[in-house]
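run-v2.cif follows (mmCIF, C-alpha atoms):
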data_target
loop_
_atom_site.group_PDB
_atom_site.id
_atom_site.type_symbol
_atom_site.label_atom_id
_atom_site.label_comp_id
_atom_site.auth_asym_id
_atom_site.auth_seq_id
_atom_site.Cartn_x
_atom_site.Cartn_y
_atom_site.Cartn_z
ATOM 1 C CA MET A 13 31.026 -129.114 30.127
ATOM 2 C CA ALA A 14 33.367 -126.192 30.801
ATOM 3 C CA PHE A 15 37.116 -126.375 30.327
ATOM 4 C CA GLY A 16 38.861 -127.847 33.347
ATOM 5 C CA THR A 17 42.238 -128.973 34.557
ATOM 6 C CA ASN A 18 42.423 -132.743 34.859
ATOM 7 C CA THR A 19 44.698 -135.718 34.261
ATOM 8 C CA THR A 20 43.185 -139.164 33.878
ATOM 9 C CA ILE A 21 44.011 -142.700 32.824
ATOM 10 C CA THR A 22 41.779 -143.569 29.861
ATOM 11 C CA ASP A 23 39.402 -146.507 29.653
ATOM 12 C CA ALA A 24 41.517 -147.817 26.761
ATOM 13 C CA ALA A 25 44.552 -147.889 29.071
ATOM 14 C CA LYS A 26 42.677 -149.866 31.705
ATOM 15 C CA ALA A 27 41.544 -152.418 29.120
ATOM 16 C CA GLY A 28 45.056 -152.613 27.659
ATOM 17 C CA LEU A 29 46.598 -153.303 31.065
ATOM 18 C CA VAL A 30 44.130 -156.119 31.691
ATOM 19 C CA GLU A 31 44.995 -157.598 28.272
ATOM 20 C CA ALA A 32 48.716 -157.337 29.146
ATOM 21 C CA LEU A 33 48.105 -159.209 32.390
ATOM 22 C CA LEU A 34 46.418 -161.898 30.301
ATOM 23 C CA GLY A 35 49.497 -162.249 28.128
ATOM 24 C CA SER A 36 48.811 -159.901 25.216
ATOM 25 C CA ALA A 37 51.581 -157.564 24.129
ATOM 26 C CA LEU A 38 51.157 -153.886 25.014
ATOM 27 C CA ASP A 39 53.308 -151.435 23.081
ATOM 28 C CA GLU A 40 55.249 -149.102 25.333
ATOM 29 C CA PRO A 41 53.374 -145.835 25.886
ATOM 30 C CA LYS A 42 56.249 -143.464 25.178
ATOM 31 C CA TYR A 43 54.720 -141.007 22.708
ATOM 32 C CA LEU A 44 53.656 -137.725 24.304
ATOM 33 C CA ALA A 45 51.437 -135.461 22.234
ATOM 34 C CA VAL A 46 50.610 -131.810 22.842
ATOM 35 C CA GLY A 47 47.612 -129.888 21.598
ATOM 36 C CA THR A 48 45.849 -126.559 21.528
ATOM 37 C CA GLY A 49 42.155 -127.354 21.447
ATOM 38 C CA ALA A 50 40.942 -128.102 24.979
ATOM 39 C CA THR A 51 40.087 -124.548 26.044
ATOM 40 C CA GLY A 52 38.273 -123.693 22.810
ATOM 41 C CA ALA A 53 36.373 -126.990 22.870
ATOM 42 C CA ALA A 54 35.519 -126.458 26.560
ATOM 43 C CA ARG A 55 36.933 -129.952 27.108
ATOM 44 C CA THR A 56 38.234 -131.474 30.316
ATOM 45 C CA ALA A 57 40.301 -134.673 30.154
ATOM 46 C CA ALA A 58 38.036 -137.714 30.586
ATOM 47 C CA THR A 59 38.472 -141.473 30.835
ATOM 48 C CA THR A 60 36.633 -141.863 27.514
ATOM 49 C CA ASP A 61 39.190 -139.759 25.564
ATOM 50 C CA LEU A 62 40.706 -141.397 22.495
ATOM 51 C CA ALA A 63 42.531 -138.353 21.086
ATOM 52 C CA LEU A 64 43.379 -134.736 21.786
ATOM 53 C CA SER A 65 41.046 -131.968 20.592
ATOM 54 C CA ASN A 66 43.696 -130.494 18.299
ATOM 55 C CA GLU A 67 46.996 -132.387 18.365
ATOM 56 C CA ILE A 68 49.875 -130.337 16.982
ATOM 57 C CA ALA A 69 52.856 -132.612 17.684
ATOM 58 C CA ARG A 70 53.820 -136.017 19.051
ATOM 59 C CA VAL A 71 57.279 -136.845 20.386
ATOM 60 C CA GLY A 72 58.529 -140.341 21.279
ATOM 61 C CA THR A 73 62.301 -140.285 21.362
ATOM 62 C CA ASN A 74 62.741 -141.379 24.996
ATOM 63 C CA SER A 75 61.695 -144.663 26.553
ATOM 64 C CA GLY A 76 59.992 -144.755 29.926
ATOM 65 C CA ALA A 77 61.478 -145.908 33.195
ATOM 66 C CA ALA A 78 60.313 -147.487 36.429
ATOM 67 C CA THR A 79 60.505 -144.972 39.265
ATOM 68 C CA THR A 80 59.497 -144.964 42.923
ATOM 69 C CA VAL A 81 56.784 -142.891 44.585
ATOM 70 C CA ASN A 82 55.504 -145.087 47.427
ATOM 71 C CA VAL A 83 57.166 -148.481 46.930
ATOM 72 C CA ALA A 84 59.992 -149.589 44.652
ATOM 73 C CA ASP A 85 59.155 -149.334 40.938
ATOM 74 C CA ASP A 86 55.455 -148.458 41.426
ATOM 75 C CA THR A 87 55.481 -145.693 38.807
ATOM 76 C CA TYR A 88 55.985 -145.586 35.040
ATOM 77 C CA THR A 89 57.599 -142.279 34.046
ATOM 78 C CA VAL A 90 58.286 -140.945 30.569
ATOM 79 C CA ALA A 91 59.431 -137.442 29.632
ATOM 80 C CA GLN A 92 59.623 -135.893 26.173
ATOM 81 C CA THR A 93 60.647 -132.417 25.005
ATOM 82 C CA TYR A 94 58.589 -130.497 22.460
ATOM 83 C CA THR A 95 60.080 -127.594 20.488
ATOM 84 C CA ALA A 96 57.572 -125.060 19.166
ATOM 85 C CA THR A 97 57.797 -124.287 15.453
ATOM 86 C CA GLY A 98 55.672 -121.145 15.822
ATOM 87 C CA SER A 99 53.637 -119.245 18.409
ATOM 88 C CA VAL A 100 51.290 -121.659 20.140
ATOM 89 C CA ASN A 101 49.257 -121.985 23.367
ATOM 90 C CA ILE A 102 49.394 -125.591 24.542
ATOM 91 C CA ASP A 103 46.519 -126.658 26.803
ATOM 92 C CA GLU A 104 46.338 -130.444 26.467
ATOM 93 C CA ALA A 105 48.636 -133.456 26.376
ATOM 94 C CA GLY A 106 48.270 -137.182 25.916
ATOM 95 C CA LEU A 107 50.357 -140.336 26.288
ATOM 96 C CA PHE A 108 50.138 -142.796 23.394
ATOM 97 C CA THR A 109 51.484 -146.224 22.413
ATOM 98 C CA ASP A 110 51.774 -145.272 18.739
ATOM 99 C CA PRO A 111 53.643 -142.521 16.877
ATOM 100 C CA VAL A 112 50.421 -141.757 14.924
ATOM 101 C CA GLY A 113 46.802 -142.534 15.768
ATOM 102 C CA GLY A 114 45.240 -144.477 18.636
ATOM 103 C CA GLY A 115 46.463 -146.070 21.801
ATOM 104 C CA MET A 116 45.852 -143.112 24.184
ATOM 105 C CA LEU A 117 46.628 -144.093 27.764
ATOM 106 C CA LEU A 118 46.621 -140.772 29.566
ATOM 107 C CA SER A 119 44.761 -137.542 28.854
ATOM 108 C CA ALA A 120 45.514 -134.170 30.455
ATOM 109 C CA THR A 121 44.062 -130.670 30.155
ATOM 110 C CA PHE A 122 45.623 -127.631 31.810
ATOM 111 C CA PRO A 123 45.748 -123.822 31.617
ATOM 112 C CA ALA A 124 47.351 -122.680 28.359
ATOM 113 C CA VAL A 125 51.142 -122.437 28.233
ATOM 114 C CA GLY A 126 52.288 -119.892 25.662
ATOM 115 C CA LEU A 127 55.314 -120.804 23.553
ATOM 116 C CA LEU A 128 57.136 -118.871 20.851
ATOM 117 C CA SER A 129 58.961 -120.418 17.913
ATOM 118 C CA GLY A 130 62.042 -122.240 19.226
ATOM 119 C CA ASP A 131 60.781 -122.473 22.824
ATOM 120 C CA THR A 132 60.878 -125.909 24.388
ATOM 121 C CA ILE A 133 58.699 -127.521 27.012
ATOM 122 C CA GLN A 134 59.244 -130.846 28.750
ATOM 123 C CA ILE A 135 56.120 -132.921 29.310
ATOM 124 C CA THR A 136 56.413 -135.689 31.917
ATOM 125 C CA ALA A 137 53.827 -138.419 32.395
ATOM 126 C CA ASP A 138 53.807 -140.420 35.623
ATOM 127 C CA ILE A 139 51.470 -143.362 36.074
ATOM 128 C CA THR A 140 51.611 -144.507 39.691
ATOM 129 C CA PHE A 141 50.049 -147.776 40.797
ATOM 130 C CA SER A 142 48.737 -147.471 44.329
#

As structure tokens:
Amino acid sequence: MAFGTNTTITDAAKAGLVEALLGSALDEPKYLAVGTGATGAARTAATTDLALSNEIARVGTNSGAATTVNVADDTYTVAQTYTATGSVNIDEAGLFTDPVGGGMLLSATFPAVGLLSGDTIQITADITFS
């Protein structure tokens, strides 16, 4: 499969939401990770993703919020800011429930964004229920 631009809700997220509806606790997905490996791995975000190709950082300082796209509070939105510690070309991102490891709810691949040391980029994840 060639590299492609895509954003998808993972199978793990779908299963987790069903479990939450059945009464199980679901940790808040507020940790956004960025990575550099999608282009080199010729990877496009897929529902079966469990991790990024080459995660370089994960940020989870902000909690999410309910926002409105079509009807009141139909969207979960979380935004985090990543500060580059060196020159890097970010081409993938993921939304996780944990500060380290599993719990990937959203996977995204996109054309590389070049950052220099000290540059910041805000990554925003919106999950809209429609």

(message) Given all atoms listed in the file as the basis, pick out the residue of A:Asp23, A:Gly106, A:Thr97, A:Glu40 nearest to Ser75 (chain A).
(response) A:Glu40

(request) Work out how far apart CA of Lys42 (chain A) and CA of Tyr88 (chain A) are and give it in Å to one decimal. (result) 10.1 Å

(request) Evaluate the PyMOL selection byres ((chain A and resi 113) around 12) and record the selected residues as an MDAnalysis selection string, following the chain and residue labels used in the document. (result) chainID A and resid 43:45 62:64 67 69:70 106:112 114:116

(request) Find the residue from A:Thr20, A:Ala25, A:Ala32, A:Phe141 that sits nearest to Thr87 (chain A); use only C-alpha atoms when measuring. (result)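 With only C-alpha atoms as the atom set, the closest residue is A:Phe141.
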
(request) Choose the residue, out of A:Ser99, A:Thr93, A:Thr17, A:Ser119, that has the smallest atom-to-atom separation from Ala54 (chain A); count only C-alpha atoms. (result)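 Smallest separation from Ala54 (chain A) among the options: A:Thr17.
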